[in-house]
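Containing CSV, C-alpha atoms and all ligand atoms: run.csv.
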```csv
chain,number,residue,atom,x,y,z
A,206,MET,CA,-31.1,11.0,15.5
A,207,LYS,CA,-28.4,10.0,18.0
A,208,ILE,CA,-24.9,9.2,16.9
A,209,VAL,CA,-22.0,7.9,19.0
A,210,VAL,CA,-18.5,8.6,17.7
A,211,HIS,CA,-15.4,6.6,18.5
A,212,ILE,CA,-12.1,7.5,16.9
A,213,ASP,CA,-8.8,9.1,18.1
A,214,ASN,CA,-10.0,12.6,17.2
A,215,ALA,CA,-13.6,11.9,18.2
A,216,GLN,CA,-14.2,15.4,19.5
A,217,GLU,CA,-13.3,16.9,16.1
A,218,TRP,CA,-15.8,14.5,14.5
A,219,ARG,CA,-18.5,15.3,17.1
A,220,ASP,CA,-18.1,19.0,16.4
A,221,ALA,CA,-18.1,18.6,12.6
A,222,LEU,CA,-21.2,16.3,12.7
A,223,THR,CA,-23.0,18.6,15.1
A,224,GLN,CA,-22.4,21.5,12.8
A,225,ALA,CA,-23.6,19.7,9.7
A,226,LEU,CA,-26.6,18.1,11.5
A,227,PRO,CA,-27.8,20.6,14.0
A,228,ASN,CA,-30.9,18.5,14.9
A,229,ALA,CA,-28.8,15.4,15.7
A,230,THR,CA,-27.4,14.5,19.1
A,231,VAL,CA,-23.8,13.6,18.7
A,232,VAL,CA,-21.8,12.2,21.6
A,233,THR,CA,-18.3,10.8,21.9
A,234,SER,CA,-17.7,7.3,23.2
A,235,ASP,CA,-16.2,8.6,26.5
A,236,ALA,CA,-19.5,10.2,27.4
A,237,ALA,CA,-21.5,8.8,30.4
A,238,GLU,CA,-23.3,5.5,29.6
A,239,GLU,CA,-26.8,7.1,29.8
A,240,GLU,CA,-25.8,9.6,27.1
A,241,ARG,CA,-24.4,6.8,24.9
A,242,LEU,CA,-27.3,4.4,25.1
A,243,GLY,CA,-30.1,4.3,22.6
A,244,ALA,CA,-27.9,5.5,19.6
A,245,ASP,CA,-29.3,5.2,16.1
A,246,TYR,CA,-25.8,5.1,14.6
A,247,LEU,CA,-22.3,4.4,15.5
A,248,ALA,CA,-19.5,6.2,13.6
A,249,VAL,CA,-16.4,4.3,14.7
A,250,TRP,CA,-12.8,3.3,14.1
A,251,LYS,CA,-11.6,0.4,16.2
A,252,ALA,CA,-14.5,0.5,18.6
A,253,PRO,CA,-14.2,-1.4,21.9
A,254,ALA,CA,-16.6,-4.4,22.2
A,255,HIS,CA,-18.7,-2.9,24.9
A,256,LEU,CA,-19.7,0.0,22.7
A,257,LEU,CA,-21.2,-2.4,20.2
A,258,LYS,CA,-22.8,-4.7,22.8
A,259,GLU,CA,-24.5,-2.0,24.8
A,260,GLN,CA,-26.6,-0.6,21.9
A,261,THR,CA,-30.0,-2.1,21.2
A,262,LYS,CA,-31.7,0.0,18.5
A,263,LEU,CA,-28.9,0.7,16.0
A,264,LYS,CA,-30.0,1.4,12.4
A,265,GLY,CA,-26.4,1.5,11.0
A,266,ILE,CA,-22.7,1.5,11.7
A,267,ILE,CA,-20.4,3.7,9.8
A,268,ASN,CA,-16.7,2.5,9.8
A,269,LEU,CA,-14.5,5.6,9.8
A,270,GLY,CA,-11.9,4.0,7.7
A,271,ALA,CA,-11.5,1.7,4.7
A,272,GLY,CA,-10.6,-1.6,6.4
A,273,VAL,CA,-13.4,-3.4,8.3
A,274,ASP,CA,-11.2,-6.3,9.6
A,275,HIS,CA,-11.1,-4.9,13.1
A,276,LEU,CA,-14.9,-4.1,13.2
A,277,LEU,CA,-15.9,-7.5,11.8
A,278,SER,CA,-13.8,-9.4,14.4
A,279,THR,CA,-15.0,-7.4,17.4
A,280,PRO,CA,-17.1,-9.5,19.7
A,281,GLY,CA,-20.6,-8.2,20.2
A,282,LEU,CA,-21.0,-6.8,16.7
A,283,PRO,CA,-24.8,-7.0,16.1
A,284,PRO,CA,-25.2,-9.3,13.1
A,285,GLN,CA,-28.2,-7.7,11.4
A,286,VAL,CA,-27.1,-4.0,11.6
A,287,PRO,CA,-25.9,-2.8,8.2
A,288,ILE,CA,-22.3,-1.5,8.0
A,289,VAL,CA,-20.9,1.0,5.6
A,290,LYS,CA,-17.2,1.9,5.3
A,291,LEU,CA,-15.5,5.0,3.8
A,292,ARG,CA,-14.7,4.7,0.1
A,293,ASP,CA,-11.6,6.7,-0.8
A,294,ALA,CA,-12.8,9.8,1.1
A,295,GLY,CA,-9.4,11.4,0.6
A,296,MET,CA,-7.4,8.3,1.5
A,297,GLY,CA,-6.7,7.4,-2.1
A,298,ASP,CA,-4.7,10.6,-2.6
A,299,LEU,CA,-2.7,10.0,0.6
A,300,MET,CA,-2.1,6.4,-0.3
A,301,ALA,CA,-1.0,7.3,-3.8
A,302,ASP,CA,1.7,9.6,-2.3
A,303,TYR,CA,2.9,6.9,0.0
A,304,VAL,CA,3.1,4.3,-2.8
A,305,LEU,CA,4.6,6.7,-5.3
A,306,TYR,CA,7.3,7.5,-2.7
A,307,GLY,CA,8.0,3.8,-2.3
A,308,VAL,CA,8.1,3.0,-6.0
A,309,LEU,CA,10.5,6.0,-6.6
A,310,HIS,CA,12.7,4.9,-3.7
A,311,PHE,CA,13.4,1.6,-5.4
A,312,TYR,CA,13.2,2.8,-9.0
A,313,ARG,CA,15.8,5.6,-8.4
A,314,SER,CA,18.0,3.4,-6.2
A,315,MET,CA,17.6,5.4,-3.1
A,316,ASP,CA,17.9,2.2,-1.1
A,317,ARG,CA,21.3,1.6,-2.6
A,318,TYR,CA,22.5,5.2,-2.0
A,319,ALA,CA,21.5,4.9,1.7
A,320,VAL,CA,23.8,1.9,2.0
A,321,GLN,CA,26.6,3.6,0.1
A,322,GLN,CA,26.4,6.7,2.2
A,323,ALA,CA,27.2,4.7,5.3
A,324,SER,CA,30.6,4.0,3.8
A,325,ALA,CA,31.0,7.3,1.9
A,326,ARG,CA,30.9,5.5,-1.4
A,327,TRP,CA,30.2,7.7,-4.5
A,328,GLN,CA,28.6,5.4,-7.1
A,329,PRO,CA,25.8,6.5,-9.4
A,330,HIS,CA,23.5,3.8,-10.7
A,331,ASN,CA,21.9,3.7,-14.1
A,332,VAL,CA,18.3,5.0,-14.5
A,333,VAL,CA,16.2,2.7,-16.6
A,334,GLU,CA,13.2,3.9,-18.5
A,335,LYS,CA,10.0,4.0,-16.4
A,336,THR,CA,8.4,1.9,-19.1
A,337,ASP,CA,10.8,-0.8,-18.0
A,338,TRP,CA,9.6,-0.7,-14.4
A,339,PRO,CA,6.2,-2.5,-14.3
A,340,VAL,CA,4.4,-2.1,-11.0
A,341,GLY,CA,1.8,-4.6,-9.8
A,342,VAL,CA,-1.1,-3.5,-7.6
A,343,LEU,CA,-3.0,-6.2,-5.7
A,344,GLY,CA,-6.5,-4.8,-4.8
A,345,LEU,CA,-8.4,-2.5,-7.1
A,346,GLY,CA,-11.0,-1.1,-4.7
A,347,ALA,CA,-11.7,2.5,-3.9
A,348,ILE,CA,-8.1,3.1,-2.8
A,349,GLY,CA,-6.3,0.5,-4.9
A,350,ALA,CA,-7.8,1.7,-8.2
A,351,TYR,CA,-6.9,5.3,-7.3
A,352,VAL,CA,-3.3,4.3,-6.6
A,353,ALA,CA,-3.1,2.2,-9.8
A,354,SER,CA,-4.2,5.2,-11.9
A,355,ALA,CA,-1.8,7.5,-10.1
A,356,LEU,CA,1.1,5.2,-10.9
A,357,GLN,CA,0.0,4.9,-14.5
A,358,GLN,CA,-0.2,8.7,-14.8
A,359,ALA,CA,3.3,8.9,-13.3
A,360,GLY,CA,4.6,6.9,-16.2
A,361,PHE,CA,4.9,3.4,-14.9
A,362,PRO,CA,3.3,0.4,-16.7
A,363,VAL,CA,0.7,-0.9,-14.1
A,364,LEU,CA,-0.8,-4.4,-13.8
A,365,GLY,CA,-3.7,-4.6,-11.4
A,366,TRP,CA,-5.4,-7.5,-9.7
A,367,SER,CA,-8.8,-8.0,-8.0
A,368,ARG,CA,-11.3,-10.7,-7.2
A,369,SER,CA,-13.7,-9.7,-10.0
A,370,PRO,CA,-12.9,-8.3,-13.5
A,371,LYS,CA,-12.3,-4.5,-13.7
A,372,THR,CA,-11.6,-1.9,-16.3
A,373,ILE,CA,-9.3,1.0,-15.3
A,374,LYS,CA,-7.9,3.3,-18.1
A,375,GLY,CA,-4.3,2.5,-18.9
A,376,VAL,CA,-4.1,-0.4,-16.4
A,377,LYS,CA,-3.8,-4.0,-17.3
A,378,CYS,CA,-6.5,-5.5,-15.1
A,379,LEU,CA,-6.3,-9.2,-14.1
A,380,TYR,CA,-8.2,-11.3,-11.7
A,381,GLY,CA,-8.4,-14.8,-10.2
A,382,ASP,CA,-5.6,-17.2,-9.4
A,383,ASP,CA,-4.5,-17.3,-13.1
A,384,GLY,CA,-4.3,-13.5,-13.1
A,385,LEU,CA,-2.0,-13.5,-10.1
A,386,ASP,CA,0.2,-16.1,-11.7
A,387,THR,CA,0.4,-13.9,-14.7
A,388,LEU,CA,1.1,-10.7,-12.8
A,389,LEU,CA,3.8,-11.7,-10.2
A,390,PRO,CA,6.6,-12.7,-12.6
A,391,GLN,CA,6.2,-9.4,-14.6
A,392,VAL,CA,6.5,-6.7,-11.9
A,393,LYS,CA,9.6,-4.9,-10.5
A,394,THR,CA,7.6,-3.5,-7.6
A,395,LEU,CA,4.6,-5.2,-6.0
A,396,VAL,CA,2.0,-3.1,-4.1
A,397,THR,CA,-0.5,-4.8,-1.8
A,398,ILE,CA,-3.7,-2.9,-1.1
A,399,LEU,CA,-6.0,-5.8,-0.3
A,400,PRO,CA,-8.3,-6.1,2.7
A,401,ASP,CA,-7.6,-8.6,5.5
A,402,THR,CA,-10.0,-11.5,4.8
A,403,ALA,CA,-10.0,-15.2,5.1
A,404,ALA,CA,-9.2,-15.4,1.4
A,405,THR,CA,-6.3,-12.9,1.5
A,406,ARG,CA,-4.5,-13.9,4.6
A,407,HIS,CA,-0.9,-14.9,3.7
A,408,ILE,CA,-1.8,-14.5,0.0
A,409,LEU,CA,1.9,-13.7,-0.4
A,410,ASP,CA,3.4,-16.9,1.0
A,411,ALA,CA,6.8,-18.4,0.1
A,412,LYS,CA,5.5,-19.8,-3.2
A,413,ARG,CA,4.0,-16.5,-4.4
A,414,LEU,CA,7.0,-14.5,-3.3
A,415,ALA,CA,9.2,-16.9,-5.3
A,416,GLN,CA,7.1,-16.0,-8.4
A,417,LEU,CA,8.4,-12.4,-8.2
A,418,PRO,CA,11.5,-11.8,-10.4
A,419,GLU,CA,15.0,-11.5,-8.9
A,420,GLY,CA,15.5,-8.0,-7.5
A,421,ALA,CA,11.8,-7.2,-7.1
A,422,SER,CA,10.6,-5.0,-4.2
A,423,ILE,CA,7.4,-5.0,-2.2
A,424,ILE,CA,5.3,-2.1,-0.8
A,425,ASN,CA,2.6,-3.2,1.7
A,426,PRO,CA,0.2,-0.6,3.0
A,427,GLY,CA,-2.8,-3.0,2.9
A,428,ARG,CA,-2.7,-5.3,6.0
A,429,GLY,CA,0.1,-7.2,7.7
A,430,SER,CA,-1.7,-10.5,7.4
A,431,LEU,CA,-1.4,-10.4,3.6
A,432,ILE,CA,2.3,-11.4,3.7
A,433,ASP,CA,3.8,-14.4,5.5
A,434,GLU,CA,6.4,-12.5,7.5
A,435,GLN,CA,8.9,-15.4,7.8
A,436,ALA,CA,8.6,-16.1,4.1
A,437,LEU,CA,9.3,-12.4,3.4
A,438,LEU,CA,12.4,-12.4,5.6
A,439,ASP,CA,13.6,-15.6,3.9
A,440,ALA,CA,13.1,-14.0,0.5
A,441,LEU,CA,15.0,-10.9,1.5
A,442,GLY,CA,17.9,-12.9,3.0
A,443,ASP,CA,20.5,-11.0,5.0
A,444,TYR,CA,23.7,-9.1,4.5
A,445,HIS,CA,25.8,-12.2,4.1
A,446,LYS,CA,23.3,-14.1,2.0
A,447,PRO,CA,21.0,-11.8,0.1
A,448,GLY,CA,17.7,-13.5,-1.1
A,449,HIS,CA,16.0,-12.8,-4.4
A,450,LEU,CA,13.9,-9.8,-3.2
A,451,ARG,CA,15.6,-6.4,-3.1
A,452,GLY,CA,13.7,-4.7,-0.3
A,453,ALA,CA,10.4,-3.8,1.2
A,454,LEU,CA,8.4,-0.8,2.4
A,455,LEU,CA,6.0,-2.0,5.1
A,456,ASP,CA,3.3,0.1,6.8
A,457,VAL,CA,1.2,-2.7,8.3
A,458,PHE,CA,2.0,-5.7,10.4
A,459,HIS,CA,0.6,-8.9,12.0
A,460,HIS,CA,1.0,-7.2,15.4
A,461,GLU,CA,0.8,-3.4,15.7
A,462,PRO,CA,2.7,-1.6,17.1
A,463,LEU,CA,5.5,-3.8,15.6
A,464,PRO,CA,7.2,-5.4,18.6
A,465,SER,CA,10.7,-3.9,19.2
A,466,ASP,CA,12.3,-7.4,18.9
A,467,ASN,CA,10.8,-8.0,15.4
A,468,PRO,CA,13.7,-8.6,12.9
A,469,LEU,CA,11.9,-6.3,10.4
A,470,TRP,CA,13.0,-3.3,12.4
A,471,GLN,CA,16.7,-4.2,12.0
A,472,HIS,CA,16.7,-5.4,8.5
A,473,SER,CA,18.8,-3.2,6.3
A,474,ARG,CA,16.6,-3.5,3.3
A,475,VAL,CA,13.3,-3.0,5.0
A,476,MET,CA,11.7,0.3,5.7
A,477,VAL,CA,9.1,0.3,8.5
A,478,THR,CA,6.4,3.0,8.8
A,479,PRO,CA,3.9,3.0,11.7
A,480,HIS,CA,0.6,2.4,9.9
A,481,MET,CA,0.5,6.0,8.6
A,482,ALA,CA,0.1,5.6,4.9
A,483,ALA,CA,-3.5,7.0,4.6
A,484,PRO,CA,-5.2,8.1,7.8
A,485,THR,CA,-8.8,9.2,7.4
A,486,PRO,CA,-8.8,13.0,6.6
A,487,LEU,CA,-11.9,14.4,8.4
A,488,SER,CA,-12.3,17.3,6.0
A,489,ASP,CA,-12.7,14.9,3.0
A,490,ALA,CA,-14.6,12.2,4.8
A,491,ILE,CA,-17.2,14.2,6.6
A,492,ASP,CA,-19.4,14.7,3.5
A,493,GLN,CA,-19.5,11.0,2.9
A,494,VAL,CA,-20.5,10.3,6.5
A,495,ILE,CA,-23.3,12.8,6.2
A,496,SER,CA,-24.5,11.4,3.0
A,497,TYR,CA,-24.5,7.9,4.5
A,498,LEU,CA,-26.6,9.1,7.5
A,499,ASN,CA,-29.0,10.9,5.2
A,500,ALA,CA,-29.4,7.8,3.0
A,501,PHE,CA,-30.0,5.6,6.1
A,502,GLU,CA,-32.7,7.9,7.3
A,503,ALA,CA,-34.3,8.1,3.8
A,504,GLY,CA,-34.3,4.3,3.6
A,505,GLU,CA,-32.1,4.3,0.5
A,506,THR,CA,-30.0,1.3,-0.5
A,507,LEU,CA,-26.4,1.7,0.5
A,508,PRO,CA,-23.2,-0.1,-0.6
A,509,THR,CA,-22.9,-2.1,2.6
A,510,VAL,CA,-20.0,-4.3,3.8
A,511,ASN,CA,-20.5,-8.0,3.1
A,512,PRO,CA,-19.5,-9.7,6.4
A,513,SER,CA,-19.2,-13.1,4.8
A,514,GLN,CA,-16.7,-11.8,2.2
A,515,GLY,CA,-15.0,-9.8,4.9
A,516,TYR,CA,-14.8,-6.4,3.1
B,601,LIG,P1,-12.1,-1.9,-1.2
B,601,LIG,O1,-13.0,-2.8,-0.3
B,601,LIG,O2,-12.7,-0.8,-1.9
B,601,LIG,O3,-11.4,-2.9,-2.3
B,601,LIG,C1,-10.8,-4.1,-1.9
B,601,LIG,C2,-10.2,-4.6,-3.2
B,601,LIG,O4,-9.6,-5.9,-2.9
B,601,LIG,C3,-11.2,-4.9,-4.3
B,601,LIG,O5,-10.6,-4.6,-5.6
B,601,LIG,C4,-11.4,-6.4,-4.2
B,601,LIG,O6,-11.8,-7.1,-5.4
B,601,LIG,C5,-10.0,-6.9,-3.8
B,601,LIG,N1,-10.1,-8.2,-3.2
B,601,LIG,C6,-10.7,-8.5,-2.0
B,601,LIG,N2,-10.5,-9.8,-1.8
B,601,LIG,C7,-9.8,-10.3,-2.8
B,601,LIG,C8,-9.4,-11.6,-3.1
B,601,LIG,N3,-9.6,-12.7,-2.3
B,601,LIG,N4,-8.7,-11.8,-4.3
B,601,LIG,C9,-8.4,-10.7,-5.1
B,601,LIG,N5,-8.9,-9.5,-4.8
B,601,LIG,C10,-9.6,-9.3,-3.7
B,601,LIG,O7,-10.9,-1.5,-0.3
B,601,LIG,P2,-10.0,-0.1,-0.4
B,601,LIG,O8,-9.4,0.0,-1.7
B,601,LIG,O9,-10.8,1.0,0.1
B,601,LIG,O10,-8.9,-0.4,0.8
B,601,LIG,C11,-8.1,-1.6,0.7
B,601,LIG,C12,-7.4,-1.9,2.0
B,601,LIG,O11,-6.4,-0.9,2.2
B,601,LIG,C13,-8.3,-1.7,3.2
B,601,LIG,O12,-9.1,-2.9,3.5
B,601,LIG,C14,-7.2,-1.6,4.3
B,601,LIG,O13,-6.8,-2.9,4.8
B,601,LIG,C15,-6.1,-0.9,3.6
B,601,LIG,N6,-5.9,0.5,4.0
B,601,LIG,C16,-4.7,0.8,4.7
B,601,LIG,C17,-4.5,2.1,5.1
B,601,LIG,C18,-3.2,2.5,5.7
B,601,LIG,O14,-3.1,3.6,6.2
B,601,LIG,N7,-2.2,1.6,5.7
B,601,LIG,C19,-5.5,3.2,4.9
B,601,LIG,C20,-6.7,2.7,4.2
B,601,LIG,C21,-6.8,1.4,3.8
B,601,LIG,P3,-13.2,-6.7,-6.1
B,601,LIG,O15,-13.1,-5.3,-6.6
B,601,LIG,O16,-13.3,-7.7,-7.2
B,601,LIG,O17,-14.3,-6.8,-5.0
```

Please render this file's structure as structure tokens.
Amino acid sequence: MKIVVHIDNAQEWRDALTQALPNATVVTSDAAEEERLGADYLAVWKAPAHLLKEQTKLKGIINLGAGVDHLLSTPGLPPQVPIVKLRDAGMGDLMADYVLYGVLHFYRSMDRYAVQQASARWQPHNVVEKTDWPVGVLGLGAIGAYVASALQQAGFPVLGWSRSPKTIKGVKCLYGDDGLDTLLPQVKTLVTILPDTAATRHILDAKRLAQLPEGASIINPGRGSLIDEQALLDALGDYHKPGHLRGALLDVFHHEPLPSDNPLWQHSRVMVTPHMAAPTPLSDAIDQVISYLNAFEAGETLPTVNPSQGY
């Protein structure tokens, strides 16, 4: 079995795969062309087009992350080759930390204290009960469901939303357009952990943002395309004319790295992080990758990505 690996820490992945599969030939994508060609599997994150185009006998592609938007839009992706993506694989826990940090930031008024500190203003704000701080989670997949449960266990009422109906203990699960209309007006903080697909692009447009209550906050570690950026800026307003949204914690953007002249960088009520919410932890993900490879080789049915759905 020959596997070509492409990811920032490809050598670590090559060494871990070689150790787990001593009979396999594992090469990184910077190896010479003759070493790369004829691969059975690609294990990749943000692979360049040539890496997909040059292979002729692939049995499967393993996406070394949860989002497949980049892979599915790469020219040269062979249409018949099955794709599997990582499911949770340790990312749920990292994402839950990120989201919990964000929810607590707004819930405990840390955004207000940061502004007050700039003018040495000593003014405590009331702490409401957590039960009065409902959090909405859009996307209840492997990571979204994990995050929804973590928030619920932390004491926040959680409303979740997905394409199909779901059951998650302690979470009020909604779906479809009506479900979103029900969820948005109820939440104090909205978390978006949806994939980037034709159906989710700009799902939070001006109309949807206006459905959030006055003073609501947004946390987006899903994909930048989920939110209409200008509509978000309008809903936040500025120092002189605040809008109806209180603030946002954003990890993902339409263009990454976020261009230095993008107004989100300078907005006093926006926190920008550089797409770091939940990087793939090799130590947790390696077992899943091995089990995918073994299942492919055994001809077992795998939970493959549906390219027409986009996730
Ligand atoms: P999954 O594919 O497991 O789940 C996707 C979820 O989104 C499902 O619940 C699905 O509904 C729902 N969904 C998809 N399309 C729609 C729609 N049109 N309307 C309503 N719901 C929809 O993904 P993960 O949970 O593993 O990851 C989610 C996303 O998080 C990734 O695609 C990626 O973009 C992002 N991510 C970001 C990271 C970061 O560091 N910032 C790290 C990891 C992931 P259903 O269950 O009904 O199919």

Between A:Tyr444, A:Trp250, A:Tyr303, A:Trp327, smallest distance to A:Ala355 by all atoms listed in the file belongs to A:Tyr303

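In this comparison, which uses only C-alpha atoms and all ligand atoms, the residue of A:Ala440, A:Val376, A:Ala248, A:Val510 approaching ligand LIG 601 (chain B) most closely is A:Val510.
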
Test item: residues no farther than 8 Å from ligand LIG 601 (chain B), counting all atoms listed in the file, as an NGL selection string: :A and (270-274 or 291-293 or 296-297 or 300 or 343-350 or 366-371 or 380-381 or 398-405 or 425-428 or 456-457 or 480-485 or 514 or 516)

Have a look at atom CA of A:Leu276 and atom CA of A:Ile495 and let me know their distance in Å, one decimal. 20.1 Å

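Distance annotation: of A:Lys264, A:Lys446, A:Lys290, A:Arg413, the residue with the minimal separation from A:Thr509 is A:Lys290; atom set is all atoms listed in the file.
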
Could you list, as JSON, numbers by chain, every residue within 10 Å of A:Tyr318, counting only C-alpha atoms and ignoring same-chain residues fewer than 5 positions away? {"A": [310, 313, 323, 325, 326, 327, 328, 329, 330]}

Same residues, C-alpha atoms, saved as a PDB file, keeping the file's coordinate frame:
```
ATOM      1  CA  HIS A 310      12.700   4.900  -3.700  1.00  0.00           C
ATOM      2  CA  ARG A 313      15.800   5.600  -8.400  1.00  0.00           C
ATOM      3  CA  ALA A 323      27.200   4.700   5.300  1.00  0.00           C
ATOM      4  CA  ALA A 325      31.000   7.300   1.900  1.00  0.00           C
ATOM      5  CA  ARG A 326      30.900   5.500  -1.400  1.00  0.00           C
ATOM      6  CA  TRP A 327      30.200   7.700  -4.500  1.00  0.00           C
ATOM      7  CA  GLN A 328      28.600   5.400  -7.100  1.00  0.00           C
ATOM      8  CA  PRO A 329      25.800   6.500  -9.400  1.00  0.00           C
ATOM      9  CA  HIS A 330      23.500   3.800 -10.700  1.00  0.00           C
TER      10      HIS A 330
END
```

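Distance annotation: of A:Val342, A:Met315, A:Leu431, A:Leu226, the residue with the minimal separation from A:His459 is A:Leu431; atom set is all atoms listed in the file.
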
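Minimum distance to A:Asn499 across A:Phe311, A:Phe458, A:Tyr246, A:Phe361 (counting all atoms listed in the file) occurs at A:Tyr246.
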
Tell me which protein, DNA and RNA residues are within 8 Å of A:Leu388, counting all atoms listed in the file, leaving out same-chain ones fewer than 4 positions away, and put them as a ChimeraX atom specification. /A:341,364-366,379,384,392

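Nearest to A:Thr394 of all the residues A:Pro362, A:Asp382, A:Trp338, A:Asp439 is A:Trp338, counting only C-alpha atoms.
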
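Note that the spacing between atom CA of A:Ala229 and atom CA of A:Met206 amounts to 5.0 Å.
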
So which residues touch A:Val232 within 9 Å, counting only C-alpha atoms, skipping near sequence neighbours fewer than 6 positions away, as a list in words? Lys207, Ile208, Val209, Val210, Ala215, Gln216, Arg219, Glu240 and Arg241 of chain A
